[in-house]
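Text of work.txt (compact mmCIF, C-alpha atoms) as supplied:
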# COMPACT_ATOMS: atom_id res chain seq x y z
CA MET A 1 1.19 21.41 -4.15
CA LYS A 2 -1.95 21.46 -2.08
CA GLU A 3 -1.89 21.91 1.69
CA VAL A 4 -3.39 19.03 3.64
CA ASN A 5 -6.70 19.88 5.27
CA PRO A 6 -6.37 18.73 8.95
CA ALA A 7 -9.98 17.52 9.16
CA ARG A 8 -9.61 15.61 5.91
CA ALA A 9 -6.34 14.08 7.08
CA VAL A 10 -7.99 12.79 10.27
CA ALA A 11 -10.89 11.36 8.26
CA GLN A 12 -8.50 9.64 5.86
CA GLU A 13 -6.62 8.04 8.76
CA VAL A 14 -9.90 6.62 10.06
CA TYR A 15 -10.67 5.25 6.60
CA ARG A 16 -7.19 3.73 6.31
CA GLN A 17 -7.61 1.97 9.66
CA HIS A 18 -10.96 0.64 8.48
CA ASP A 19 -9.41 -0.51 5.22
CA SER A 20 -6.46 -2.22 6.91
CA GLU A 21 -8.81 -5.15 7.47
CA SER A 22 -10.78 -4.93 4.24
CA HIS A 23 -7.67 -4.14 2.09
CA GLY A 24 -9.15 -1.00 0.56
CA LEU A 25 -12.41 0.08 -0.97
CA LEU A 26 -11.30 -0.76 -4.52
CA GLN A 27 -8.54 -3.09 -5.63
CA VAL A 28 -7.67 -3.51 -9.28
CA ARG A 29 -5.39 -6.44 -10.05
CA GLY A 30 -3.91 -7.24 -13.45
CA LEU A 31 -6.73 -5.62 -15.44
CA GLU A 32 -6.58 -6.34 -19.18
CA SER A 33 -8.97 -4.86 -21.75
CA ALA A 34 -8.98 -5.01 -25.54
CA PHE A 35 -10.97 -4.12 -28.66
CA ASP A 36 -11.97 -6.37 -31.52
CA THR A 37 -10.82 -4.74 -34.75
CA GLU A 38 -10.18 -5.69 -38.36
CA ARG A 39 -6.55 -6.22 -37.31
CA GLY A 40 -7.57 -8.62 -34.57
CA LEU A 41 -7.85 -8.23 -30.82
CA LEU A 42 -5.84 -5.16 -29.75
CA LYS A 43 -5.02 -4.75 -26.08
CA ALA A 44 -5.57 -1.21 -24.75
CA VAL A 45 -5.09 -1.92 -21.03
CA ASP A 46 -2.26 -4.31 -20.20
CA GLY A 47 -2.04 -5.62 -16.64
CA VAL A 48 -3.02 -2.48 -14.71
CA SER A 49 -3.07 -2.70 -10.91
CA PHE A 50 -3.83 -0.12 -8.21
CA SER A 51 -5.99 0.37 -5.12
CA VAL A 52 -8.11 3.16 -3.67
CA ALA A 53 -8.83 3.56 0.04
CA ARG A 54 -11.91 5.19 1.52
CA GLY A 55 -11.67 8.97 1.54
CA GLN A 56 -8.65 8.92 -0.79
CA THR A 57 -8.27 10.65 -4.16
CA LEU A 58 -6.26 8.67 -6.70
CA GLY A 59 -5.09 10.46 -9.83
CA ILE A 60 -4.50 8.64 -13.12
CA VAL A 61 -2.36 10.71 -15.48
CA GLY A 62 -0.85 10.25 -18.92
CA GLU A 63 -1.05 11.42 -22.51
CA SER A 64 -4.17 11.02 -24.61
CA GLY A 65 -4.48 7.42 -25.75
CA CYS A 66 -2.51 5.89 -22.86
CA GLY A 67 -5.51 3.90 -21.59
CA LYS A 68 -6.84 6.08 -18.75
CA SER A 69 -10.47 6.23 -19.84
CA VAL A 70 -10.54 2.61 -21.02
CA THR A 71 -9.28 1.58 -17.58
CA ALA A 72 -12.03 3.58 -15.88
CA MET A 73 -14.79 2.24 -18.11
CA SER A 74 -13.50 -1.31 -17.65
CA LEU A 75 -13.99 -1.03 -13.88
CA ILE A 76 -17.77 -0.74 -14.29
CA SER A 77 -18.12 -2.70 -17.56
CA LEU A 78 -18.99 0.29 -19.72
CA LEU A 79 -16.71 -0.46 -22.66
CA PRO A 80 -18.50 -0.10 -26.01
CA ARG A 81 -19.96 -3.46 -27.00
CA PRO A 82 -19.43 -5.77 -28.76
CA ALA A 83 -15.95 -4.49 -29.66
CA GLY A 84 -14.75 -3.72 -26.12
CA LYS A 85 -13.83 -6.68 -23.92
CA VAL A 86 -12.29 -7.15 -20.48
CA LEU A 87 -9.89 -10.08 -20.95
CA GLY A 88 -8.81 -10.67 -17.39
CA GLY A 89 -7.91 -9.41 -13.96
CA GLU A 90 -9.94 -8.53 -10.88
CA VAL A 91 -11.90 -5.43 -9.89
CA LEU A 92 -12.63 -5.92 -6.20
CA PHE A 93 -15.10 -3.32 -4.92
CA LYS A 94 -15.80 -3.79 -1.21
CA GLY A 95 -14.56 -7.36 -1.65
CA GLU A 96 -16.84 -8.14 -4.61
CA ASP A 97 -15.35 -8.79 -8.06
CA LEU A 98 -17.33 -6.55 -10.42
CA LEU A 99 -16.10 -8.52 -13.42
CA LYS A 100 -17.99 -11.59 -12.22
CA VAL A 101 -21.28 -10.14 -10.96
CA SER A 102 -24.59 -10.26 -12.83
CA GLU A 103 -25.85 -7.48 -15.09
CA ASP A 104 -28.54 -6.66 -12.53
CA ARG A 105 -25.91 -6.21 -9.82
CA LEU A 106 -23.88 -3.96 -12.14
CA HIS A 107 -26.94 -1.75 -12.64
CA GLU A 108 -27.19 -1.42 -8.85
CA VAL A 109 -23.51 -0.50 -8.50
CA ARG A 110 -23.38 1.98 -11.39
CA GLY A 111 -24.92 5.22 -10.25
CA GLY A 112 -25.73 3.79 -6.83
CA GLU A 113 -22.44 2.79 -5.20
CA ILE A 114 -20.10 4.09 -7.90
CA GLY A 115 -20.80 7.47 -9.51
CA THR A 116 -19.26 8.48 -12.84
CA ILE A 117 -18.57 11.92 -14.27
CA PHE A 118 -18.10 11.37 -17.99
CA GLN A 119 -15.57 13.24 -20.08
CA GLU A 120 -17.90 15.46 -22.15
CA PRO A 121 -21.02 16.81 -20.40
CA MET A 122 -22.84 17.66 -23.62
CA THR A 123 -22.73 14.06 -24.85
CA ALA A 124 -23.33 12.66 -21.33
CA LEU A 125 -26.71 14.42 -21.22
CA ASN A 126 -29.64 13.57 -23.49
CA PRO A 127 -30.35 16.69 -25.58
CA VAL A 128 -34.10 15.97 -25.97
CA HIS A 129 -34.93 15.55 -22.27
CA ARG A 130 -35.14 18.25 -19.63
CA ILE A 131 -32.49 18.39 -16.92
CA GLY A 132 -35.01 17.51 -14.19
CA ARG A 133 -36.08 14.33 -15.93
CA GLN A 134 -32.50 13.13 -16.35
CA VAL A 135 -31.45 13.82 -12.76
CA SER A 136 -34.69 12.49 -11.23
CA GLU A 137 -34.27 9.24 -13.17
CA VAL A 138 -31.30 8.37 -10.93
CA PHE A 139 -33.51 8.59 -7.84
CA ARG A 140 -36.32 6.60 -9.43
CA LEU A 141 -33.99 3.79 -10.48
CA HIS A 142 -31.79 3.53 -7.39
CA LYS A 143 -33.89 4.97 -4.56
CA LYS A 144 -37.30 3.80 -5.90
CA LEU A 145 -38.84 7.24 -5.31
CA ASN A 146 -42.10 8.19 -6.99
CA LYS A 147 -42.17 10.84 -9.71
CA LYS A 148 -42.88 13.79 -7.40
CA GLU A 149 -40.33 12.74 -4.77
CA ALA A 150 -37.67 12.14 -7.44
CA TRP A 151 -38.33 15.58 -8.96
CA GLU A 152 -37.89 17.27 -5.57
CA ALA A 153 -34.74 15.22 -4.94
CA ALA A 154 -33.39 16.35 -8.33
CA ILE A 155 -33.85 19.99 -7.34
CA GLU A 156 -31.94 19.37 -4.10
CA ALA A 157 -29.16 17.57 -6.01
CA LEU A 158 -28.75 20.58 -8.31
CA ARG A 159 -28.76 22.90 -5.31
CA MET A 160 -25.99 20.76 -3.73
CA THR A 161 -23.79 21.43 -6.78
CA ARG A 162 -24.32 25.20 -6.39
CA ILE A 163 -26.55 25.64 -9.45
CA PRO A 164 -28.52 28.88 -8.99
CA SER A 165 -32.33 28.69 -9.11
CA PRO A 166 -32.40 24.86 -9.37
CA GLU A 167 -36.21 24.82 -9.34
CA VAL A 168 -36.03 26.74 -12.65
CA ARG A 169 -33.09 24.85 -14.17
CA VAL A 170 -34.85 21.48 -13.86
CA GLY A 171 -37.11 22.66 -16.67
CA ASP A 172 -34.22 23.55 -19.00
CA TYR A 173 -32.72 21.46 -21.80
CA PRO A 174 -28.93 20.83 -21.86
CA HIS A 175 -28.33 23.29 -24.73
CA GLN A 176 -29.75 26.10 -22.59
CA LEU A 177 -26.93 25.73 -20.03
CA SER A 178 -23.28 26.76 -20.22
CA GLY A 179 -20.51 24.16 -20.22
CA GLY A 180 -19.82 24.70 -16.53
CA MET A 181 -23.51 24.38 -15.65
CA ARG A 182 -23.84 21.18 -17.69
CA GLN A 183 -20.83 19.77 -15.89
CA ARG A 184 -22.48 20.56 -12.55
CA VAL A 185 -25.59 18.68 -13.72
CA VAL A 186 -23.44 15.63 -14.56
CA ILE A 187 -21.81 15.90 -11.11
CA ALA A 188 -25.26 16.10 -9.49
CA MET A 189 -26.27 12.88 -11.29
CA ALA A 190 -23.04 11.14 -10.27
CA LEU A 191 -23.39 12.10 -6.61
CA ALA A 192 -27.18 11.78 -6.34
CA CYS A 193 -27.09 8.49 -4.42
CA GLN A 194 -24.06 9.44 -2.30
CA PRO A 195 -21.77 6.79 -3.82
CA ASP A 196 -18.79 5.23 -2.04
CA LEU A 197 -16.57 5.88 -5.09
CA LEU A 198 -16.57 8.64 -7.68
CA ILE A 199 -14.89 8.16 -11.07
CA ALA A 200 -14.23 11.56 -12.66
CA ASP A 201 -12.98 11.18 -16.24
CA GLU A 202 -11.37 14.52 -17.15
CA PRO A 203 -14.23 16.46 -15.48
CA THR A 204 -12.84 19.84 -16.53
CA THR A 205 -12.28 19.15 -20.25
CA ALA A 206 -13.08 22.21 -22.45
CA LEU A 207 -13.79 24.43 -19.44
CA ASP A 208 -11.97 27.71 -18.89
CA VAL A 209 -9.57 27.89 -15.94
CA THR A 210 -11.98 29.77 -13.66
CA VAL A 211 -14.79 27.26 -14.13
CA GLN A 212 -12.25 24.42 -13.90
CA ALA A 213 -11.15 25.60 -10.46
CA GLN A 214 -14.78 25.91 -9.34
CA ILE A 215 -15.64 22.39 -10.51
CA LEU A 216 -12.59 20.84 -8.83
CA ASP A 217 -13.25 22.72 -5.58
CA LEU A 218 -16.86 21.56 -5.73
CA ILE A 219 -15.86 17.89 -6.18
CA GLN A 220 -13.30 18.11 -3.39
CA GLY A 221 -15.77 19.78 -1.02
CA LEU A 222 -18.54 17.28 -1.71
CA GLN A 223 -16.06 14.42 -1.37
CA ALA A 224 -15.04 15.65 2.09
CA GLU A 225 -18.69 16.05 3.13
CA MET A 226 -19.72 12.61 1.90
CA GLY A 227 -16.54 10.73 2.84
CA MET A 228 -16.22 9.03 -0.52
CA ALA A 229 -13.15 7.91 -2.47
CA ALA A 230 -12.42 9.35 -5.90
CA ILE A 231 -10.50 8.43 -9.05
CA LEU A 232 -9.54 11.57 -10.97
CA ILE A 233 -8.47 10.94 -14.57
CA THR A 234 -6.62 13.75 -16.30
CA HIS A 235 -3.65 14.69 -18.48
CA ASP A 236 -3.03 17.81 -16.35
CA LEU A 237 -0.30 17.35 -13.75
CA GLY A 238 -1.31 20.63 -12.10
CA VAL A 239 -4.76 19.18 -11.38
CA ILE A 240 -3.09 16.06 -9.95
CA ALA A 241 -0.83 18.10 -7.67
CA GLU A 242 -3.69 20.17 -6.27
CA ASN A 243 -6.35 17.50 -5.82
CA CYS A 244 -4.89 14.01 -5.38
CA ASP A 245 -3.27 11.98 -2.61
CA GLU A 246 -1.70 9.29 -4.80
CA VAL A 247 -1.02 9.11 -8.51
CA VAL A 248 -0.74 6.41 -11.15
CA VAL A 249 1.24 7.32 -14.30
CA MET A 250 0.11 5.34 -17.35
CA TYR A 251 1.86 4.93 -20.66
CA ALA A 252 0.74 2.75 -23.59
CA GLY A 253 -1.81 0.85 -21.51
CA ARG A 254 0.53 0.10 -18.60
CA VAL A 255 1.32 1.57 -15.21
CA VAL A 256 4.89 2.89 -15.38
CA GLU A 257 4.98 4.61 -11.97
CA ARG A 258 2.80 4.79 -8.86
CA ALA A 259 3.45 6.81 -5.70
CA SER A 260 2.07 9.46 -3.38
CA VAL A 261 1.75 12.87 -5.03
CA LYS A 262 4.48 14.42 -2.87
CA GLU A 263 6.89 11.56 -3.55
CA LEU A 264 6.23 11.51 -7.29
CA PHE A 265 6.77 15.24 -7.78
CA ALA A 266 9.85 15.27 -5.51
CA ASN A 267 11.47 12.10 -6.86
CA PRO A 268 10.16 10.91 -10.25
CA LEU A 269 11.96 7.68 -11.17
CA HIS A 270 10.70 6.72 -14.63
CA ALA A 271 11.94 8.60 -17.69
CA TYR A 272 8.37 9.05 -18.95
CA THR A 273 7.26 10.66 -15.67
CA ARG A 274 10.28 12.97 -15.76
CA GLY A 275 9.42 13.85 -19.36
CA LEU A 276 5.87 14.79 -18.38
CA LEU A 277 7.08 16.97 -15.52
CA ASN A 278 9.72 18.65 -17.68
CA SER A 279 7.05 19.46 -20.27
CA ILE A 280 5.25 21.81 -17.87
CA PRO A 281 5.94 25.46 -18.84
CA ARG A 282 7.65 27.47 -16.08
CA LEU A 283 7.50 31.18 -15.39
CA SER A 284 11.23 31.16 -14.67
CA LEU A 285 12.05 30.41 -18.31
CA PRO A 286 13.18 33.34 -20.49
CA PRO A 287 10.56 34.68 -22.93
CA LYS A 288 10.14 32.70 -26.16
CA SER A 289 12.10 29.75 -24.77
CA GLU A 290 11.57 26.48 -26.59
CA LEU A 291 9.29 24.22 -24.55
CA ASN A 292 10.48 20.77 -23.55
CA THR A 293 8.76 17.87 -25.30
CA ILE A 294 9.01 14.09 -25.14
CA PRO A 295 10.58 12.89 -28.40
CA GLY A 296 9.03 10.20 -30.55
CA MET A 297 5.44 9.04 -30.90
CA VAL A 298 3.26 6.55 -29.06
CA ALA A 299 3.05 3.35 -31.09
CA SER A 300 -0.36 2.25 -32.36
CA LEU A 301 -2.08 -0.59 -30.50
CA SER A 302 -1.23 -3.03 -33.29
CA GLU A 303 2.49 -2.18 -33.05
CA MET A 304 3.00 -2.15 -29.27
CA ALA A 305 6.20 -3.85 -28.13
CA SER A 306 6.07 -6.67 -25.60
CA GLY A 307 9.09 -5.20 -23.79
CA CYS A 308 9.59 -1.63 -22.58
CA ARG A 309 7.23 0.57 -24.58
CA PHE A 310 8.91 3.84 -23.68
CA CYS A 311 12.20 2.52 -25.06
CA GLN A 312 10.24 1.63 -28.21
CA ARG A 313 9.07 5.26 -28.44
CA LEU A 314 12.62 6.58 -28.09
CA GLY A 315 13.91 4.16 -30.72
CA ARG A 316 16.30 2.34 -28.41
CA ARG A 317 16.47 -1.30 -27.36
CA SER A 318 16.02 -2.16 -23.72
CA SER A 319 18.63 -4.40 -22.14
CA LEU A 320 15.67 -6.61 -21.10
CA GLY A 321 14.96 -7.30 -24.77
CA ASP A 322 11.37 -8.40 -25.36
CA GLU A 323 10.82 -9.09 -21.67
CA ARG A 324 8.30 -6.80 -19.98
CA PRO A 325 9.88 -4.73 -17.17
CA GLU A 326 8.66 -5.75 -13.75
CA LEU A 327 6.73 -3.26 -11.61
CA ARG A 328 8.88 -2.96 -8.47
CA GLU A 329 8.64 -1.08 -5.20
CA LEU A 330 11.94 0.81 -5.24
CA SER A 331 11.11 2.75 -2.06
CA PRO A 332 8.20 2.45 0.40
CA GLY A 333 4.99 3.04 -1.54
CA HIS A 334 6.86 4.06 -4.71
CA TRP A 335 6.41 1.57 -7.56
CA VAL A 336 8.00 1.84 -10.99
CA GLU A 337 8.27 -0.24 -14.16
CA ALA A 338 11.92 -1.11 -13.70
CA CYS A 339 13.47 -0.87 -17.14
CA PRO A 340 17.21 -0.21 -16.56
CA GLU A 341 17.33 2.28 -19.45
CA CYS A 342 14.27 4.25 -18.26
CA CYS A 343 15.01 4.19 -14.53
CA GLY A 344 18.80 4.33 -14.57
CA GLY A 345 20.71 3.22 -11.50
CA GLU A 346 17.56 2.85 -9.38
CA ALA A 347 16.35 -0.09 -11.44
CA ARG A 348 19.79 -1.73 -11.63
CA GLU A 349 20.29 -1.51 -7.87
CA SER A 350 16.94 -3.23 -7.27
CA VAL A 351 17.83 -6.28 -9.35

Take the structure in this file and express it as C-alpha cells.
Amino acid sequence: MKEVNPARAVAQEVYRQHDSESHGLLQVRGLESAFDTERGLLKAVDGVSFSVARGQTLGIVGESGCGKSVTAMSLISLLPRPAGKVLGGEVLFKGEDLLKVSEDRLHEVRGGEIGTIFQEPMTALNPVHRIGRQVSEVFRLHKKLNKKEAWEAAIEALRMTRIPSPEVRVGDYPHQLSGGMRQRVVIAMALACQPDLLIADEPTTALDVTVQAQILDLIQGLQAEMGMAAILITHDLGVIAENCDEVVVMYAGRVVERASVKELFANPLHAYTRGLLNSIPRLSLPPKSELNTIPGMVASLSEMASGCRFCQRLGRRSSLGDERPELRELSPGHWVEACPECCGGEARESV
C-alpha cells in the first residue's frame, strides 16, 4: 500500500473543502449504456454511480468484460456509433451534465477539460502521421495556436513526459517508437491542455513491469503538479493499491463495492472483491501451490440475470430472487451491493 505524500494530502484536503460546496468535480449517477446487436439492445453498464473529487485518484477495477472501459467511454460520449448508446443517468462534470450538452461543447471538453489515455497506444496514434503533427493538433484545436506555436508546444509536451530529445522525436512516426515511448506520447496528448480530469484506461497494458512503474510514476507526478483528478481503469489490484485513493469494484456492468483503498483491502465485504484479492499470488505460498481462482464464468450480456449476477456465476439462487441487490453504505464511505449470500452477515444486519 502506498504511503501518503504529505503535500498531496494537504492539496487533496483543500480540494475536498472546495468540493463540499460543488459536490465534487465529477458525479456519475445511475449511468446506463447498451449496444444494439442482432439479439436486441444489450446493456453493458447497468446503473453505475460514483464521484471523483478534485485532486483525487479513483480506481475502477474488475475482470475483462465487466464494463470498465464502456463506463469510461460513456462519460465523454465516445461509444462506437451507431451501436453504442447511453440509455440514461447523469454525468455531472463541474455541475454540467455531459449527456445533455451539444456536440460542439463535447469537443471542447474532450481533450480540453477531460484528457483520455486510451488502452492501446499503437491504435490510439495515427500510423501515417508524425508524432509532432498529432500532438500539435491538440494545441491547434483547443488553444487556437498557429502551426509554429503548436509545434513548439508539442515539443514541450513531450519534454514534460520525459521523452528524450523531443525536438527529434516530433519528426518520428509511431512505429519508430517503443511501446513505452508511444504511451508517453499518448499521455502528452492527454495532458497537453492541463485538463481538470484525466481518464486513464489501462495505461500500462502490454508494457513490461519496469516501464509500467515509470508510466504510473509519471502520471502520479504530473497529476500532483497540475492538481487534476484522475480515473484509473485497470484489472491489476496492485496498481490500484499503489496509485489510488478510492476504488470502485465492477462486476457484470454493475458496481458491487466502493470504498477507500485502505478500507477495501483491509475489509472487503463482497464475495467477488474477496475472490479478486484471494486470486493475487503470494510469496508466502509453497512452491507449485495451486493458485486461487473464482469459479464459474461471467454470463454473456444476453444472459445477464436481473438479480444478483455473482450468485448467477456461482450457480446459486439469491434469497432476493430476481430482485436486484441494493447498493448500501454498510460503514462510513463503504458501499456494497447487499446480496445476503455474497455479503454474509453484513448484508443481513443492514436490512

Could you give me, as a tab-separated table, a per-residue list for segment 282-350 of chain A showing, wherever an atom lies at most 7 Å from an atom of segment 261-276 of chain A, the closest pair of atoms and their distance in Å to one decimal, using only C-alpha atoms and sorting by chain then residue number from low to high?
residue	atom	partner	partner_atom	distance
A:Ile294	CA	A:Gly275	CA	5.8
A:Val336	CA	A:His270	CA	6.7
A:Cys342	CA	A:Ala271	CA	5.0
A:Cys343	CA	A:His270	CA	5.0

Please identify every residue of segment 178-225 of chain A that has at least one atom no farther than 12 Å from an atom of segment 91-112 of chain A, counting all atoms listed in the file, and for each give the shortest atom pair and the distance in Å to one decimal, arranged by chain then increasing number, as a tab-separated table.
residue	atom	partner	partner_atom	distance
A:Val186	CA	A:Gly111	CA	11.4
A:Ile187	CA	A:Gly111	CA	11.2
A:Ala188	CA	A:Gly111	CA	10.9
A:Met189	CA	A:Gly111	CA	7.8
A:Ala190	CA	A:Gly111	CA	6.2
A:Leu191	CA	A:Gly111	CA	7.9
A:Ala192	CA	A:Gly111	CA	8.0
A:Cys193	CA	A:Gly112	CA	5.5
A:Gln194	CA	A:Gly112	CA	7.4
A:Pro195	CA	A:Gly112	CA	5.8
A:Asp196	CA	A:Gly112	CA	8.6
A:Leu197	CA	A:Phe93	CA	9.3
A:Leu198	CA	A:Gly111	CA	9.4
A:Ile199	CA	A:Gly111	CA	10.5

Which residues of segment 188-278 of chain A sit at most 6 Å from segment 53-56 of chain A, using only C-alpha atoms? Give each one's shortest atom pair and distance in Å (one decimal place), in chain and ascending residue order, as JSON lines.
{"residue": "A:Gly227", "atom": "CA", "partner": "A:Gly55", "partner_atom": "CA", "distance": 5.3}
{"residue": "A:Met228", "atom": "CA", "partner": "A:Gly55", "partner_atom": "CA", "distance": 5.0}
{"residue": "A:Ala229", "atom": "CA", "partner": "A:Gly55", "partner_atom": "CA", "distance": 4.4}

(request) Can you pull out every residue within 10 Å of Arg313 of chain A, counting only C-alpha atoms, but drop anything in the same chain fewer than 2 positions away, and send it as an MDAnalysis selection string? (result) chainID A and resid 252 294:299 304:305 308:311 315:317

(message) I'd like the interatomic distance between atom CA of Val247 of chain A and atom CA of Leu42 of chain A, to a tenth of an Å.
(response) 26.0 Å

(message) Which residues are near Gln183 of chain A? Cut-off 10 Å, all atoms listed in the file, ignore same chain within fewer than 5 positions. Put them as an MDAnalysis selection string.
(response) chainID A and resid 117:122 124:125 161 177:178 188:189 203:205 207 211:212 215

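Ranking A:Ser279, A:Ser284, A:Ser260, A:Ser64 by their shortest atom-to-atom distance to Gly333 of chain A, with all atoms listed in the file included, puts A:Ser260 first.
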
Closest atom pairs, residues of segment 42-75 of chain A within 9 Å of segment 82-90 of chain A, only C-alpha atoms, as a tab-separated table:
residue	atom	partner	partner_atom	distance
A:Lys43	CA	A:Leu87	CA	8.9
A:Val45	CA	A:Val86	CA	8.9
A:Gly47	CA	A:Gly89	CA	7.5
A:Val48	CA	A:Gly89	CA	8.5
A:Ser49	CA	A:Gly89	CA	8.8
A:Ser74	CA	A:Val86	CA	6.6

(message) Counting all atoms listed in the file, find residues at most 12 Å from (-36.0, 16.7, -25.5) (file frame) and give them as a PyMOL selection string.
(response) chain A and resi 125-134+171-176

(message) Taking 6 positions as the minimum chain separation for residues in the same chain, which residues sit within 6 Å of Gly62 of chain A when counting all atoms listed in the file? Answer as a VMD selection string.
(response) chain A and resid 235 249 to 250

(request) Tell me, in Å to one decimal, how far atom CA of Glu303 of chain A is from atom CA of Ala259 of chain A. (result) 28.8 Å

Expected file for segment 69-77 of chain A keeping all heavy atoms, as an mmCIF file, in the first residue's frame:
data_model
loop_
_atom_site.group_PDB
_atom_site.id
_atom_site.type_symbol
_atom_site.label_atom_id
_atom_site.label_comp_id
_atom_site.auth_asym_id
_atom_site.auth_seq_id
_atom_site.Cartn_x
_atom_site.Cartn_y
_atom_site.Cartn_z
ATOM 1 N N SER A 69 -14.241 -0.086 -19.307
ATOM 2 C CA SER A 69 -13.950 0.802 -20.434
ATOM 3 C C SER A 69 -15.218 1.411 -21.017
ATOM 4 O O SER A 69 -15.216 2.580 -21.420
ATOM 5 C CB SER A 69 -13.179 0.054 -21.529
ATOM 6 O OG SER A 69 -11.906 -0.346 -21.060
ATOM 7 N N VAL A 70 -16.291 0.641 -21.068
ATOM 8 C CA VAL A 70 -17.556 1.178 -21.583
ATOM 9 C C VAL A 70 -18.044 2.306 -20.686
ATOM 10 O O VAL A 70 -18.560 3.327 -21.165
ATOM 11 C CB VAL A 70 -18.616 0.063 -21.696
ATOM 12 C CG1 VAL A 70 -19.955 0.643 -22.166
ATOM 13 C CG2 VAL A 70 -18.159 -1.006 -22.672
ATOM 14 N N THR A 71 -17.870 2.147 -19.381
ATOM 15 C CA THR A 71 -18.233 3.216 -18.454
ATOM 16 C C THR A 71 -17.434 4.480 -18.750
ATOM 17 O O THR A 71 -17.983 5.584 -18.849
ATOM 18 C CB THR A 71 -17.973 2.778 -16.999
ATOM 19 O OG1 THR A 71 -18.821 1.670 -16.678
ATOM 20 C CG2 THR A 71 -18.258 3.904 -16.023
ATOM 21 N N ALA A 72 -16.124 4.324 -18.913
ATOM 22 C CA ALA A 72 -15.257 5.475 -19.169
ATOM 23 C C ALA A 72 -15.623 6.170 -20.471
ATOM 24 O O ALA A 72 -15.710 7.408 -20.531
ATOM 25 C CB ALA A 72 -13.799 5.032 -19.191
ATOM 26 N N MET A 73 -15.840 5.400 -21.529
ATOM 27 C CA MET A 73 -16.163 6.000 -22.819
ATOM 28 C C MET A 73 -17.560 6.630 -22.822
ATOM 29 O O MET A 73 -17.820 7.575 -23.565
ATOM 30 C CB MET A 73 -16.056 4.957 -23.935
ATOM 31 C CG MET A 73 -14.634 4.428 -24.155
ATOM 32 S SD MET A 73 -13.407 5.714 -24.533
ATOM 33 C CE MET A 73 -12.588 5.909 -22.920
ATOM 34 N N SER A 74 -18.442 6.111 -21.972
ATOM 35 C CA SER A 74 -19.780 6.697 -21.869
ATOM 36 C C SER A 74 -19.730 8.093 -21.261
ATOM 37 O O SER A 74 -20.552 8.962 -21.596
ATOM 38 C CB SER A 74 -20.697 5.807 -21.021
ATOM 39 O OG SER A 74 -20.866 4.533 -21.601
ATOM 40 N N LEU A 75 -18.765 8.315 -20.362
ATOM 41 C CA LEU A 75 -18.669 9.617 -19.685
ATOM 42 C C LEU A 75 -18.472 10.747 -20.681
ATOM 43 O O LEU A 75 -18.964 11.859 -20.475
ATOM 44 C CB LEU A 75 -17.513 9.616 -18.679
ATOM 45 C CG LEU A 75 -17.537 8.569 -17.566
ATOM 46 C CD1 LEU A 75 -16.332 8.740 -16.656
ATOM 47 C CD2 LEU A 75 -18.823 8.663 -16.761
ATOM 48 N N ILE A 76 -17.733 10.489 -21.756
ATOM 49 C CA ILE A 76 -17.408 11.541 -22.727
ATOM 50 C C ILE A 76 -17.999 11.218 -24.102
ATOM 51 O O ILE A 76 -17.532 11.718 -25.122
ATOM 52 C CB ILE A 76 -15.884 11.755 -22.818
ATOM 53 C CG1 ILE A 76 -15.156 10.419 -22.958
ATOM 54 C CG2 ILE A 76 -15.378 12.514 -21.607
ATOM 55 C CD1 ILE A 76 -13.656 10.545 -23.092
ATOM 56 N N SER A 77 -19.025 10.368 -24.114
ATOM 57 C CA SER A 77 -19.771 10.045 -25.339
ATOM 58 C C SER A 77 -18.862 9.573 -26.466
ATOM 59 O O SER A 77 -18.944 10.068 -27.595
ATOM 60 C CB SER A 77 -20.588 11.271 -25.792
ATOM 61 O OG SER A 77 -21.541 11.628 -24.821
#
